[in-house]
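Undergrad: Sharing a structure below in structure tokens format, with a few things to ask.
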Amino acid sequence: MNVTKFLVFTLILFSVAFAQNKKPSAKKEAPASVVLKTQGDSISYAIGQNIYSNLKDPMIQLNLNVLIASLKDAATEKSIFSQEKTTQVLTELNKKMQERQAALQKAAEEKKRADMAPIIEKNKKEGETFLEENKKKEGVITIASGLQYKIISKGTGVSPKTTDKVKVHYKGTLLDGKVFDSSYDRNEPAVFQLTQVIKGWTEGLQLMQVGDKYQFFIPYDLAYGEMGRGETIPPATVLTFEVELLDIVK
């Protein structure tokens, strides 16, 4: 792709990408400053509107005169930039915008964590109390990581390794008994690599044999951590699972 095509194509990509993530403007349409006779005219005008409105950013410092001159140069297959220079400028711009986005996201996450701090501490204390009492119950075994389990029924198969893929049926509940996920309800076992699930599952399933059915009590740090998972898993929450190891998938 030559320099001018690269530049125009990049501007179009920028304008379309930003337009898709921007809410429609409530401004009324102004009287037309140009006459649009063809579909090409409409497309050209739409691209111009998006380039300006969506790239109007202090970081970009859009200069209309230079932009128009560049488009005219592209139309006549002229450019004061080499393709390497164009790529360099746009790559640097993309890097700066990504860094800014990452900083904004980090700030948002820190604010969210601060806002959730009271809930996190409350759930941690409730989880610690539950696990402390639960480990005293008959049949409950606690391993070094803090994972607790109880054998519901025994099978006779082999145990999986971390490199294995397994087929299981399971039901997951919160401490209040609310079911948040269940392969039984879907009537379809789950198949996954042991390395692709939460730490509590990776550890716990290696304790089982094919045909076993266990109950796991998983501390938050072996589950979804302090922040939880969306609206399904609250922050810093102990999770309980009934898991039936059906097979090791070869």
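For the structure tokens, the naming scheme is as follows: chains receive sequential letters (A, B, ...) according to their order of presentation, residues are indexed from 1 within each chain, and ligands are indexed from 1 in presentation order.
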Residues near Ile60 (chain A), anyone? I mean within 10 Å using only C-alpha atoms, not counting same-chain ones fewer than 2 positions away, as a VMD selection string.

TA: chain A and resid 55 to 58 62 to 63 93 to 94 96 to 97

Undergrad: Selection from above, C-alpha atoms, as a compact mmCIF listing (two decimals), in the first residue's frame, can you write it?

TA:
```txt
# COMPACT_ATOMS: atom_id res chain seq x y z
CA LEU A 55 -10.27 13.16 16.17
CA LYS A 56 -10.74 16.53 17.85
CA ASP A 57 -8.40 15.65 20.66
CA PRO A 58 -5.62 17.66 22.39
CA LEU A 62 -5.65 18.18 14.37
CA ASN A 63 -4.77 20.96 11.91
CA LEU A 93 0.22 8.44 18.02
CA ASN A 94 -1.35 5.03 18.58
CA LYS A 96 0.44 7.53 23.16
CA MET A 97 -3.31 6.98 22.92
```

Undergrad: Assign secondary structure with DSSP using the backbone only, and return the residues of region 11-246 of chain A in strand (DSSP E) as a ChimeraX atom specification.

TA: /A:140-142,148-153,165-173,179-182,190-193,213-218,239-246

Undergrad: Identify which of the residues A:Ala190, A:Ile152, A:Val197, A:Val179 lies closest to Gln215 (chain A), counting only C-alpha atoms when measuring atom-to-atom distances.

TA: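 Answer, going by the shortest atom-to-atom distance: A:Ile152.
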
Undergrad: Using the chain letters and numbers from this document, which residues of region 7-237 of chain A does DSSP assign to alpha helix (DSSP H), as an NGL selection string?

TA: :A and (7-20 or 39-54 or 64-75 or 83-134 or 183-186 or 199-205)

Undergrad: Keeping C-alpha atoms for every residue in the selection just given, could you write it to a file as a JSON list (two decimals), in the first residue's frame?

TA:
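Writing the result to part-v3.json gives the following:
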```
[["chain", "number", "residue", "atom", "x", "y", "z"],
["A", 7, "LEU", "CA", -2.76, 7.72, 5.20],
["A", 8, "VAL", "CA", -6.34, 7.96, 3.91],
["A", 9, "PHE", "CA", -7.14, 4.40, 4.96],
["A", 10, "THR", "CA", -5.77, 5.07, 8.45],
["A", 11, "LEU", "CA", -7.83, 8.24, 8.81],
["A", 12, "ILE", "CA", -10.94, 6.35, 7.76],
["A", 13, "LEU", "CA", -10.22, 3.60, 10.29],
["A", 14, "PHE", "CA", -9.72, 6.18, 13.02],
["A", 15, "SER", "CA", -12.90, 8.00, 12.19],
["A", 16, "VAL", "CA", -15.06, 4.88, 11.97],
["A", 17, "ALA", "CA", -13.59, 3.33, 15.13],
["A", 18, "PHE", "CA", -14.16, 6.48, 17.17],
["A", 19, "ALA", "CA", -17.62, 7.01, 15.71],
["A", 20, "GLN", "CA", -18.73, 3.56, 16.82],
["A", 39, "GLN", "CA", -23.10, 8.50, -2.97],
["A", 40, "GLY", "CA", -19.40, 9.25, -3.17],
["A", 41, "ASP", "CA", -20.14, 12.84, -2.14],
["A", 42, "SER", "CA", -22.10, 11.61, 0.88],
["A", 43, "ILE", "CA", -19.35, 9.18, 1.89],
["A", 44, "SER", "CA", -16.73, 11.90, 1.53],
["A", 45, "TYR", "CA", -18.74, 14.30, 3.65],
["A", 46, "ALA", "CA", -19.45, 11.67, 6.32],
["A", 47, "ILE", "CA", -15.75, 10.79, 6.58],
["A", 48, "GLY", "CA", -14.87, 14.47, 6.90],
["A", 49, "GLN", "CA", -17.39, 14.96, 9.69],
["A", 50, "ASN", "CA", -16.08, 11.96, 11.61],
["A", 51, "ILE", "CA", -12.44, 12.85, 11.10],
["A", 52, "TYR", "CA", -13.01, 16.25, 12.65],
["A", 53, "SER", "CA", -15.51, 15.45, 15.40],
["A", 54, "ASN", "CA", -13.92, 12.20, 16.55],
["A", 64, "LEU", "CA", -7.51, 21.31, 9.31],
["A", 65, "ASN", "CA", -5.31, 23.12, 6.81],
["A", 66, "VAL", "CA", -2.64, 20.44, 6.96],
["A", 67, "LEU", "CA", -5.25, 17.66, 6.85],
["A", 68, "ILE", "CA", -6.89, 19.12, 3.74],
["A", 69, "ALA", "CA", -3.49, 19.63, 2.12],
["A", 70, "SER", "CA", -2.58, 16.01, 2.88],
["A", 71, "LEU", "CA", -5.81, 14.75, 1.34],
["A", 72, "LYS", "CA", -5.14, 16.85, -1.76],
["A", 73, "ASP", "CA", -1.60, 15.48, -1.95],
["A", 74, "ALA", "CA", -3.01, 11.97, -1.66],
["A", 75, "ALA", "CA", -5.45, 12.69, -4.46],
["A", 83, "GLN", "CA", 5.68, 5.47, 3.90],
["A", 84, "GLU", "CA", 8.09, 4.75, 6.74],
["A", 85, "LYS", "CA", 7.61, 8.27, 8.14],
["A", 86, "THR", "CA", 3.81, 8.00, 7.91],
["A", 87, "THR", "CA", 3.90, 4.65, 9.67],
["A", 88, "GLN", "CA", 6.22, 6.06, 12.36],
["A", 89, "VAL", "CA", 4.00, 9.08, 13.10],
["A", 90, "LEU", "CA", 0.80, 7.05, 13.29],
["A", 91, "THR", "CA", 2.47, 4.32, 15.37],
["A", 92, "GLU", "CA", 3.71, 6.91, 17.87],
["A", 93, "LEU", "CA", 0.22, 8.44, 18.02],
["A", 94, "ASN", "CA", -1.35, 5.03, 18.58],
["A", 95, "LYS", "CA", 1.16, 4.24, 21.33],
["A", 96, "LYS", "CA", 0.44, 7.53, 23.16],
["A", 97, "MET", "CA", -3.31, 6.98, 22.92],
["A", 98, "GLN", "CA", -2.97, 3.43, 24.22],
["A", 99, "GLU", "CA", -0.84, 4.66, 27.12],
["A", 100, "ARG", "CA", -3.43, 7.29, 27.96],
["A", 101, "GLN", "CA", -6.23, 4.72, 27.76],
["A", 102, "ALA", "CA", -4.28, 2.38, 30.02],
["A", 103, "ALA", "CA", -3.75, 5.19, 32.53],
["A", 104, "LEU", "CA", -7.45, 6.07, 32.48],
["A", 105, "GLN", "CA", -8.38, 2.42, 32.94],
["A", 106, "LYS", "CA", -5.93, 2.04, 35.84],
["A", 107, "ALA", "CA", -7.35, 5.14, 37.51],
["A", 108, "ALA", "CA", -10.89, 3.82, 37.06],
["A", 109, "GLU", "CA", -9.91, 0.45, 38.55],
["A", 110, "GLU", "CA", -8.23, 2.13, 41.52],
["A", 111, "LYS", "CA", -11.33, 4.24, 42.12],
["A", 112, "LYS", "CA", -13.54, 1.17, 41.85],
["A", 113, "ARG", "CA", -11.32, -0.69, 44.31],
["A", 114, "ALA", "CA", -11.46, 2.25, 46.74],
["A", 115, "ASP", "CA", -15.24, 2.44, 46.43],
["A", 116, "MET", "CA", -15.54, -1.30, 47.02],
["A", 117, "ALA", "CA", -13.08, -1.42, 49.93],
["A", 118, "PRO", "CA", -15.80, -1.67, 52.63],
["A", 119, "ILE", "CA", -17.55, -4.51, 50.76],
["A", 120, "ILE", "CA", -14.25, -6.31, 50.19],
["A", 121, "GLU", "CA", -13.34, -6.16, 53.87],
["A", 122, "LYS", "CA", -16.83, -7.28, 54.93],
["A", 123, "ASN", "CA", -16.77, -10.26, 52.55],
["A", 124, "LYS", "CA", -13.23, -11.19, 53.61],
["A", 125, "LYS", "CA", -14.26, -11.34, 57.27],
["A", 126, "GLU", "CA", -17.39, -13.35, 56.49],
["A", 127, "GLY", "CA", -15.36, -15.75, 54.36],
["A", 128, "GLU", "CA", -12.67, -16.20, 57.02],
["A", 129, "THR", "CA", -15.33, -16.90, 59.65],
["A", 130, "PHE", "CA", -17.06, -19.42, 57.40],
["A", 131, "LEU", "CA", -13.86, -21.29, 56.52],
["A", 132, "GLU", "CA", -12.70, -21.34, 60.14],
["A", 133, "GLU", "CA", -15.97, -22.92, 61.26],
["A", 134, "ASN", "CA", -16.27, -25.15, 58.19],
["A", 183, "SER", "CA", -23.71, -27.51, 34.27],
["A", 184, "TYR", "CA", -26.51, -29.71, 35.65],
["A", 185, "ASP", "CA", -29.03, -26.97, 34.87],
["A", 186, "ARG", "CA", -27.67, -26.76, 31.30],
["A", 199, "LYS", "CA", -6.70, -22.06, 41.16],
["A", 200, "GLY", "CA", -9.09, -23.78, 43.54],
["A", 201, "TRP", "CA", -10.38, -25.97, 40.73],
["A", 202, "THR", "CA", -6.90, -26.71, 39.37],
["A", 203, "GLU", "CA", -5.79, -27.90, 42.81],
["A", 204, "GLY", "CA", -9.00, -29.62, 43.79],
["A", 205, "LEU", "CA", -9.53, -31.67, 40.64]]
```

Undergrad: Skipping near chain neighbours, those fewer than 2 positions away, what residues fall within 12 Å of Gly172 (chain A) using only C-alpha atoms, listed as a list in words?

TA: His169, Tyr170, Leu174, Leu175, Asp176, Gly177, Lys178, Val179, Phe180, Asp181, Ser182, Ser183, Tyr184, Asp185, Trp201, Gln215, Phe216, Phe217, Ile218, Ala223, Thr232, Ile233, Val238, Leu239, Thr240, Phe241, Glu242, Val243 and Glu244 of chain A

Undergrad: Which neighbours of Thr162 (chain A) fall inside 10 Å, counting only C-alpha atoms, when residues of the same chain fewer than 2 positions from it are skipped, and could you give them as a PyMOL selection string?

TA: chain A and resi 160+164-166+193-196+202-203+205-206
